Amino acid sequence: MTGSLRSLARRLLGVARHPTYYLPWIIRPGLECALVLSNVEARFKPEYASGPFRASVVQYDAQGAAAHVYAVSLQTSTDAVELPLKPAAGGWGFVTVTGDFTQSDLYVTLSDGRDYTATHGRGEFVEEYPPVTRLLLAAARGAASLVGRTVPVFTRNQYVFVGPGSRSHVLLMNLSNVTNSIRAVLDADGRAAGSRLLRLPPMGSHLLDVATLVDVASLAGRPSDSAALRLRLEGNAWFNLYLVGAGPLDLAGPLSLMHVK
């Protein structure tokens, strides 16, 4: 029922959904981020077996600006390209991939030169709101922000780790052309342990340190080095997330990116 109501509301408000394949990126000192692009699907479809296969990769920074654009070409269906990404404002964001092979699983890797982690991207969509709807949404968002809330059009629930030995950051990606106020609420045993209202610009991103939402020492009865809590996220426009795993060294140490459903 909720999905049907959202679909009806999108039609009434003129919201368009453009199919988009996207992947997260994060670059830190001593940490390289690269895409691994291949055309796996073409190997199983003879009509698409001959190249070259071309794609355009647009890298959006944390403020939603298109910081870098890359042209990629695969000569055959068995080729693969490793594309190192360049630093951009904020140190994180996401990339979009368009072209001849966007139905294949594409991967993003993080490496410190010795070890690496990898996760795949998502073939979903980006929402485009027309001018009048953007004005209406901005007014509603502004009114809700006066009491520390947002317009909860989209919600996500995700378990995260909080603690000095095992911690999660959450890379939030605003996949729309409107400002997205996202309210993050950390739940501990059925009570709100902490919350924050985040403001993401169109196509912008935010790396949320979940530990900053709560005093870990106040979580009575839990191990001091590990606490698994539920994070609830509400946004006034379409957004998605990737988990960023960080150990005792936090963002100064090895990191991992994890795709979640």
# chains A, B, ... in the order shown; residues from 1 in each chain; ligands from 1
call {"tool": "residues_around", "arguments": {"residues": "A:Leu171", "least_positions_apart": "2", "cutoff": "10 Å", "atoms": "only C-alpha atoms", "output": "ChimeraX atom specification"}}
result
/A:24-26,92-94,168-169,173,205-209,240-244,257-258
call {"tool": "write_last_selection", "arguments": {"atoms": "N, CA, C and O atoms", "output": "PDB file, in the first residue's frame"}}
result
ATOM      1  N   PRO A  24      29.618   4.024  -4.574  1.00  0.00           N
ATOM      2  CA  PRO A  24      30.195   4.986  -3.636  1.00  0.00           C
ATOM      3  C   PRO A  24      31.694   5.137  -3.858  1.00  0.00           C
ATOM      4  O   PRO A  24      32.332   4.281  -4.482  1.00  0.00           O
ATOM      5  N   TRP A  25      32.257   6.202  -3.350  1.00  0.00           N
ATOM      6  CA  TRP A  25      33.711   6.331  -3.326  1.00  0.00           C
ATOM      7  C   TRP A  25      34.131   7.061  -2.054  1.00  0.00           C
ATOM      8  O   TRP A  25      33.386   7.877  -1.507  1.00  0.00           O
ATOM      9  N   ILE A  26      35.319   6.729  -1.569  1.00  0.00           N
ATOM     10  CA  ILE A  26      35.914   7.421  -0.430  1.00  0.00           C
ATOM     11  C   ILE A  26      37.420   7.357  -0.595  1.00  0.00           C
ATOM     12  O   ILE A  26      37.977   6.305  -0.947  1.00  0.00           O
ATOM     13  N   TRP A  92      34.657  12.093  -0.196  1.00  0.00           N
ATOM     14  CA  TRP A  92      33.735  10.988  -0.440  1.00  0.00           C
ATOM     15  C   TRP A  92      32.591  11.460  -1.330  1.00  0.00           C
ATOM     16  O   TRP A  92      32.414  12.653  -1.550  1.00  0.00           O
ATOM     17  N   GLY A  93      31.808  10.513  -1.805  1.00  0.00           N
ATOM     18  CA  GLY A  93      30.670  10.822  -2.662  1.00  0.00           C
ATOM     19  C   GLY A  93      30.251   9.568  -3.406  1.00  0.00           C
ATOM     20  O   GLY A  93      30.385   8.449  -2.898  1.00  0.00           O
ATOM     21  N   PHE A  94      29.756   9.737  -4.622  1.00  0.00           N
ATOM     22  CA  PHE A  94      29.409   8.580  -5.436  1.00  0.00           C
ATOM     23  C   PHE A  94      29.663   8.900  -6.905  1.00  0.00           C
ATOM     24  O   PHE A  94      29.830  10.064  -7.293  1.00  0.00           O
ATOM     25  N   SER A 168      31.007   1.579  12.918  1.00  0.00           N
ATOM     26  CA  SER A 168      30.470   1.786  11.578  1.00  0.00           C
ATOM     27  C   SER A 168      30.312   3.273  11.303  1.00  0.00           C
ATOM     28  O   SER A 168      29.892   4.029  12.182  1.00  0.00           O
ATOM     29  N   HIS A 169      30.674   3.660  10.106  1.00  0.00           N
ATOM     30  CA  HIS A 169      30.256   4.941   9.563  1.00  0.00           C
ATOM     31  C   HIS A 169      29.236   4.637   8.470  1.00  0.00           C
ATOM     32  O   HIS A 169      29.201   3.521   7.938  1.00  0.00           O
ATOM     33  N   MET A 173      23.909   9.029   0.562  1.00  0.00           N
ATOM     34  CA  MET A 173      23.968   9.606  -0.772  1.00  0.00           C
ATOM     35  C   MET A 173      22.593  10.141  -1.152  1.00  0.00           C
ATOM     36  O   MET A 173      21.619   9.388  -1.167  1.00  0.00           O
ATOM     37  N   SER A 205      26.604  14.084  -0.615  1.00  0.00           N
ATOM     38  CA  SER A 205      26.805  12.935   0.269  1.00  0.00           C
ATOM     39  C   SER A 205      27.278  13.404   1.635  1.00  0.00           C
ATOM     40  O   SER A 205      27.784  14.521   1.794  1.00  0.00           O
ATOM     41  N   HIS A 206      27.107  12.524   2.615  1.00  0.00           N
ATOM     42  CA  HIS A 206      27.580  12.816   3.971  1.00  0.00           C
ATOM     43  C   HIS A 206      28.087  11.527   4.590  1.00  0.00           C
ATOM     44  O   HIS A 206      27.424  10.483   4.509  1.00  0.00           O
ATOM     45  N   LEU A 207      29.266  11.595   5.204  1.00  0.00           N
ATOM     46  CA  LEU A 207      29.820  10.441   5.910  1.00  0.00           C
ATOM     47  C   LEU A 207      29.519  10.623   7.392  1.00  0.00           C
ATOM     48  O   LEU A 207      30.120  11.447   8.070  1.00  0.00           O
ATOM     49  N   LEU A 208      28.569   9.854   7.893  1.00  0.00           N
ATOM     50  CA  LEU A 208      28.096   9.981   9.269  1.00  0.00           C
ATOM     51  C   LEU A 208      28.877   9.050  10.181  1.00  0.00           C
ATOM     52  O   LEU A 208      28.867   7.834  10.005  1.00  0.00           O
ATOM     53  N   ASP A 209      29.540   9.637  11.181  1.00  0.00           N
ATOM     54  CA  ASP A 209      30.182   8.862  12.233  1.00  0.00           C
ATOM     55  C   ASP A 209      29.111   8.546  13.267  1.00  0.00           C
ATOM     56  O   ASP A 209      28.696   9.408  14.048  1.00  0.00           O
ATOM     57  N   ASN A 240      20.158   6.731  -0.436  1.00  0.00           N
ATOM     58  CA  ASN A 240      20.573   5.383  -0.101  1.00  0.00           C
ATOM     59  C   ASN A 240      21.872   5.448   0.682  1.00  0.00           C
ATOM     60  O   ASN A 240      22.413   6.545   0.917  1.00  0.00           O
ATOM     61  N   LEU A 241      22.396   4.281   1.085  1.00  0.00           N
ATOM     62  CA  LEU A 241      23.548   4.278   1.974  1.00  0.00           C
ATOM     63  C   LEU A 241      24.449   3.090   1.694  1.00  0.00           C
ATOM     64  O   LEU A 241      24.032   2.076   1.142  1.00  0.00           O
ATOM     65  N   TYR A 242      25.709   3.247   2.088  1.00  0.00           N
ATOM     66  CA  TYR A 242      26.676   2.166   2.178  1.00  0.00           C
ATOM     67  C   TYR A 242      27.295   2.224   3.569  1.00  0.00           C
ATOM     68  O   TYR A 242      27.521   3.319   4.110  1.00  0.00           O
ATOM     69  N   LEU A 243      27.559   1.060   4.149  1.00  0.00           N
ATOM     70  CA  LEU A 243      28.269   1.011   5.422  1.00  0.00           C
ATOM     71  C   LEU A 243      29.768   1.139   5.169  1.00  0.00           C
ATOM     72  O   LEU A 243      30.303   0.554   4.222  1.00  0.00           O
ATOM     73  N   VAL A 244      30.425   1.900   6.007  1.00  0.00           N
ATOM     74  CA  VAL A 244      31.879   2.029   5.968  1.00  0.00           C
ATOM     75  C   VAL A 244      32.413   1.435   7.267  1.00  0.00           C
ATOM     76  O   VAL A 244      32.144   1.961   8.350  1.00  0.00           O
ATOM     77  N   LEU A 257      33.998  -0.819   2.415  1.00  0.00           N
ATOM     78  CA  LEU A 257      32.690  -0.380   1.958  1.00  0.00           C
ATOM     79  C   LEU A 257      31.796  -1.597   1.827  1.00  0.00           C
ATOM     80  O   LEU A 257      32.226  -2.646   1.313  1.00  0.00           O
ATOM     81  N   MET A 258      30.555  -1.489   2.308  1.00  0.00           N
ATOM     82  CA  MET A 258      29.663  -2.631   2.265  1.00  0.00           C
ATOM     83  C   MET A 258      28.307  -2.245   1.704  1.00  0.00           C
ATOM     84  O   MET A 258      27.648  -1.327   2.187  1.00  0.00           O
TER      85      MET A 258
END
call {"tool": "closest_atom_pairs", "arguments": {"of": "stretch 154-256 of chain A", "to": "stretch 126-140 of chain A", "cutoff": "9 Å", "atoms": "only C-alpha atoms", "output": "CSV"}}
result
residue,atom,partner,partner_atom,distance
A:Asn174,CA,A:Val126,CA,8.8
A:Leu175,CA,A:Val126,CA,5.0
A:Ser176,CA,A:Glu127,CA,4.6
A:Asn177,CA,A:Glu128,CA,5.5
A:Val178,CA,A:Arg134,CA,6.5
A:Thr179,CA,A:Ala138,CA,7.7
A:Met203,CA,A:Val126,CA,8.8
A:Asn236,CA,A:Leu137,CA,7.8
A:Ala237,CA,A:Glu127,CA,8.0
A:Trp238,CA,A:Glu127,CA,6.8
A:Phe239,CA,A:Val126,CA,8.9
call {"tool": "write_last_selection", "arguments": {"atoms": "C-alpha atoms", "output": "tab-separated table (two decimals), in the first residue's frame"}}
result
chain	number	residue	atom	x	y	z
A	174	ASN	CA	21.27	12.05	-1.84
A	175	LEU	CA	20.06	10.63	-5.15
A	176	SER	CA	17.87	13.56	-6.15
A	177	ASN	CA	18.01	17.13	-7.44
A	178	VAL	CA	16.61	18.63	-4.22
A	179	THR	CA	18.13	19.35	-0.82
A	203	MET	CA	23.47	14.82	-5.48
A	236	ASN	CA	12.43	14.07	2.38
A	237	ALA	CA	13.74	12.69	-0.94
A	238	TRP	CA	15.26	9.48	-2.29
A	239	PHE	CA	18.56	8.51	-0.69
call {"tool": "select_by_dssp", "arguments": {"residues": "stretch 8-200 of chain A", "states": "strand (DSSP E)", "output": "ChimeraX atom specification"}}
result
/A:16-26,32-38,50-60,66-76,80-84,92-99,107-111,116-120,122-128,154-161,167-174,180-188,191-200
call {"tool": "residues_around", "arguments": {"residues": "stretch 147-150 of chain A", "least_positions_apart": "4", "cutoff": "12 Å", "atoms": "only C-alpha atoms", "output": "ChimeraX atom specification"}}
result
/A:137-143,154-155,179-185,195-199,233-237
call {"tool": "select_by_dssp", "arguments": {"residues": "stretch 120-185 of chain A", "states": "alpha helix (DSSP H)", "output": "VMD selection string"}}
result
chain A and resid 131 to 145
call {"tool": "residues_around", "arguments": {"residues": "A:Val36", "least_positions_apart": "6", "cutoff": "6 Å", "atoms": "only C-alpha atoms", "output": "short mmCIF file (atom, residue, chain, number, x, y, z; two decimals) with C-alpha atoms, in the first residue's frame"}}
result
data_model
loop_
_atom_site.label_atom_id
_atom_site.label_comp_id
_atom_site.auth_asym_id
_atom_site.auth_seq_id
_atom_site.Cartn_x
_atom_site.Cartn_y
_atom_site.Cartn_z
CA VAL A 81 39.40 -1.83 -16.61
CA GLU A 82 40.65 -0.65 -13.23
CA TYR A 107 32.77 -2.87 -8.36
#
call {"tool": "atom_distance", "arguments": {"atom1": "atom CA of A:Val210", "atom2": "atom CA of A:Asp187"}}
result
11.3 Å
call {"tool": "residues_around", "arguments": {"residues": "A:Thr109", "least_positions_apart": "2", "cutoff": "6 Å", "atoms": "only C-alpha atoms", "output": "list in words"}}
result
Cys33, Ala34, Thr117 and Ala118 of chain A
call {"tool": "residues_around", "arguments": {"residues": "A:Ser38", "least_positions_apart": "6", "cutoff": "8 Å", "atoms": "only C-alpha atoms", "output": "list in words"}}
result
Leu74, Ser77, Thr78, Asp79, Ala80, Val81, Phe101, Ser104, Asp105 and Leu106 of chain A
call {"tool": "write_last_selection", "arguments": {"atoms": "N, CA and C atoms", "output": "CSV table (one decimal), in the first residue's frame"}}
result
chain,number,residue,atom,x,y,z
A,74,LEU,N,36.0,-0.6,-23.3
A,74,LEU,CA,36.4,-2.0,-23.3
A,74,LEU,C,36.4,-2.5,-24.7
A,77,SER,N,34.3,-8.3,-24.8
A,77,SER,CA,33.4,-8.7,-23.7
A,77,SER,C,34.2,-9.3,-22.5
A,78,THR,N,35.5,-9.6,-22.7
A,78,THR,CA,36.2,-10.2,-21.6
A,78,THR,C,37.2,-9.2,-21.0
A,79,ASP,N,37.2,-8.0,-21.5
A,79,ASP,CA,38.1,-7.0,-20.9
A,79,ASP,C,37.6,-6.5,-19.6
A,80,ALA,N,38.5,-6.0,-18.8
A,80,ALA,CA,38.2,-5.3,-17.5
A,80,ALA,C,39.1,-4.1,-17.4
A,81,VAL,N,38.6,-3.0,-16.8
A,81,VAL,CA,39.4,-1.8,-16.6
A,81,VAL,C,39.4,-1.5,-15.1
A,101,PHE,N,27.4,-0.8,-20.9
A,101,PHE,CA,27.5,-2.1,-20.1
A,101,PHE,C,27.0,-1.8,-18.7
A,104,SER,N,25.8,-4.7,-16.0
A,104,SER,CA,26.7,-5.7,-15.4
A,104,SER,C,27.0,-5.2,-14.0
A,105,ASP,N,27.4,-6.1,-13.1
A,105,ASP,CA,27.9,-5.7,-11.8
A,105,ASP,C,29.2,-5.0,-11.9
A,106,LEU,N,29.3,-3.8,-11.4
A,106,LEU,CA,30.5,-3.0,-11.4
A,106,LEU,C,31.0,-2.9,-10.0
call {"tool": "decode", "arguments": {"residues": "stretch 173-200 of chain A", "atoms": "N, CA and C atoms", "output": "CSV table (one decimal), in the first residue's frame"}}
result
chain,number,residue,atom,x,y,z
A,173,MET,N,23.9,9.0,0.6
A,173,MET,CA,24.0,9.6,-0.8
A,173,MET,C,22.6,10.1,-1.2
A,174,ASN,N,22.5,11.4,-1.4
A,174,ASN,CA,21.3,12.1,-1.8
A,174,ASN,C,21.1,11.9,-3.3
A,175,LEU,N,20.2,11.0,-3.7
A,175,LEU,CA,20.1,10.6,-5.2
A,175,LEU,C,18.9,11.4,-5.7
A,176,SER,N,19.0,12.7,-5.6
A,176,SER,CA,17.9,13.6,-6.2
A,176,SER,C,18.4,14.9,-6.5
A,177,ASN,N,17.6,15.8,-7.1
A,177,ASN,CA,18.0,17.1,-7.4
A,177,ASN,C,17.4,18.2,-6.5
A,178,VAL,N,17.1,17.7,-5.3
A,178,VAL,CA,16.6,18.6,-4.2
A,178,VAL,C,17.5,18.5,-3.0
A,179,THR,N,17.5,19.5,-2.1
A,179,THR,CA,18.1,19.4,-0.8
A,179,THR,C,17.4,18.3,0.0
A,180,ASN,N,18.1,17.4,0.6
A,180,ASN,CA,17.6,16.3,1.4
A,180,ASN,C,17.9,16.4,2.9
A,181,SER,N,16.9,16.7,3.7
A,181,SER,CA,17.1,16.7,5.1
A,181,SER,C,16.9,15.3,5.6
A,182,ILE,N,18.0,14.7,6.1
A,182,ILE,CA,17.9,13.3,6.6
A,182,ILE,C,18.1,13.3,8.1
A,183,ARG,N,17.1,12.7,8.8
A,183,ARG,CA,17.1,12.6,10.3
A,183,ARG,C,17.6,11.2,10.6
A,184,ALA,N,18.7,11.2,11.4
A,184,ALA,CA,19.4,10.0,11.8
A,184,ALA,C,19.1,9.8,13.3
A,185,VAL,N,18.4,8.6,13.6
A,185,VAL,CA,18.1,8.3,15.0
A,185,VAL,C,18.7,7.0,15.4
A,186,LEU,N,19.5,7.0,16.5
A,186,LEU,CA,20.1,5.8,16.9
A,186,LEU,C,19.2,5.2,18.1
A,187,ASP,N,18.9,3.9,17.9
A,187,ASP,CA,18.0,3.3,18.8
A,187,ASP,C,18.7,2.3,19.7
A,188,ALA,N,18.5,2.4,21.0
A,188,ALA,CA,19.2,1.4,21.9
A,188,ALA,C,18.1,0.9,22.8
A,189,ASP,N,17.8,-0.4,22.6
A,189,ASP,CA,16.8,-1.1,23.4
A,189,ASP,C,15.4,-0.4,23.5
A,190,GLY,N,15.0,0.1,22.3
A,190,GLY,CA,13.7,0.7,22.2
A,190,GLY,C,13.6,2.2,22.6
A,191,ARG,N,14.8,2.8,22.9
A,191,ARG,CA,14.8,4.2,23.2
A,191,ARG,C,15.8,4.9,22.3
A,192,ALA,N,15.5,6.2,22.0
A,192,ALA,CA,16.3,7.0,21.2
A,192,ALA,C,17.6,7.4,22.0
A,193,ALA,N,18.7,6.9,21.6
A,193,ALA,CA,20.0,7.2,22.3
A,193,ALA,C,20.6,8.4,21.7
A,194,GLY,N,20.2,8.9,20.6
A,194,GLY,CA,20.8,10.1,20.0
A,194,GLY,C,20.2,10.3,18.6
A,195,SER,N,20.2,11.6,18.2
A,195,SER,CA,19.7,11.9,16.8
A,195,SER,C,20.4,13.1,16.3
A,196,ARG,N,20.3,13.3,15.0
A,196,ARG,CA,20.8,14.4,14.3
A,196,ARG,C,20.1,14.7,13.0
A,197,LEU,N,19.9,15.9,12.6
A,197,LEU,CA,19.3,16.3,11.4
A,197,LEU,C,20.4,16.7,10.4
A,198,LEU,N,20.6,16.0,9.3
A,198,LEU,CA,21.6,16.3,8.3
A,198,LEU,C,21.0,16.9,7.1
A,199,ARG,N,21.8,17.8,6.5
A,199,ARG,CA,21.3,18.5,5.3
A,199,ARG,C,22.3,18.2,4.1
A,200,LEU,N,21.8,17.4,3.2
A,200,LEU,CA,22.6,17.0,2.0
A,200,LEU,C,22.1,17.8,0.8
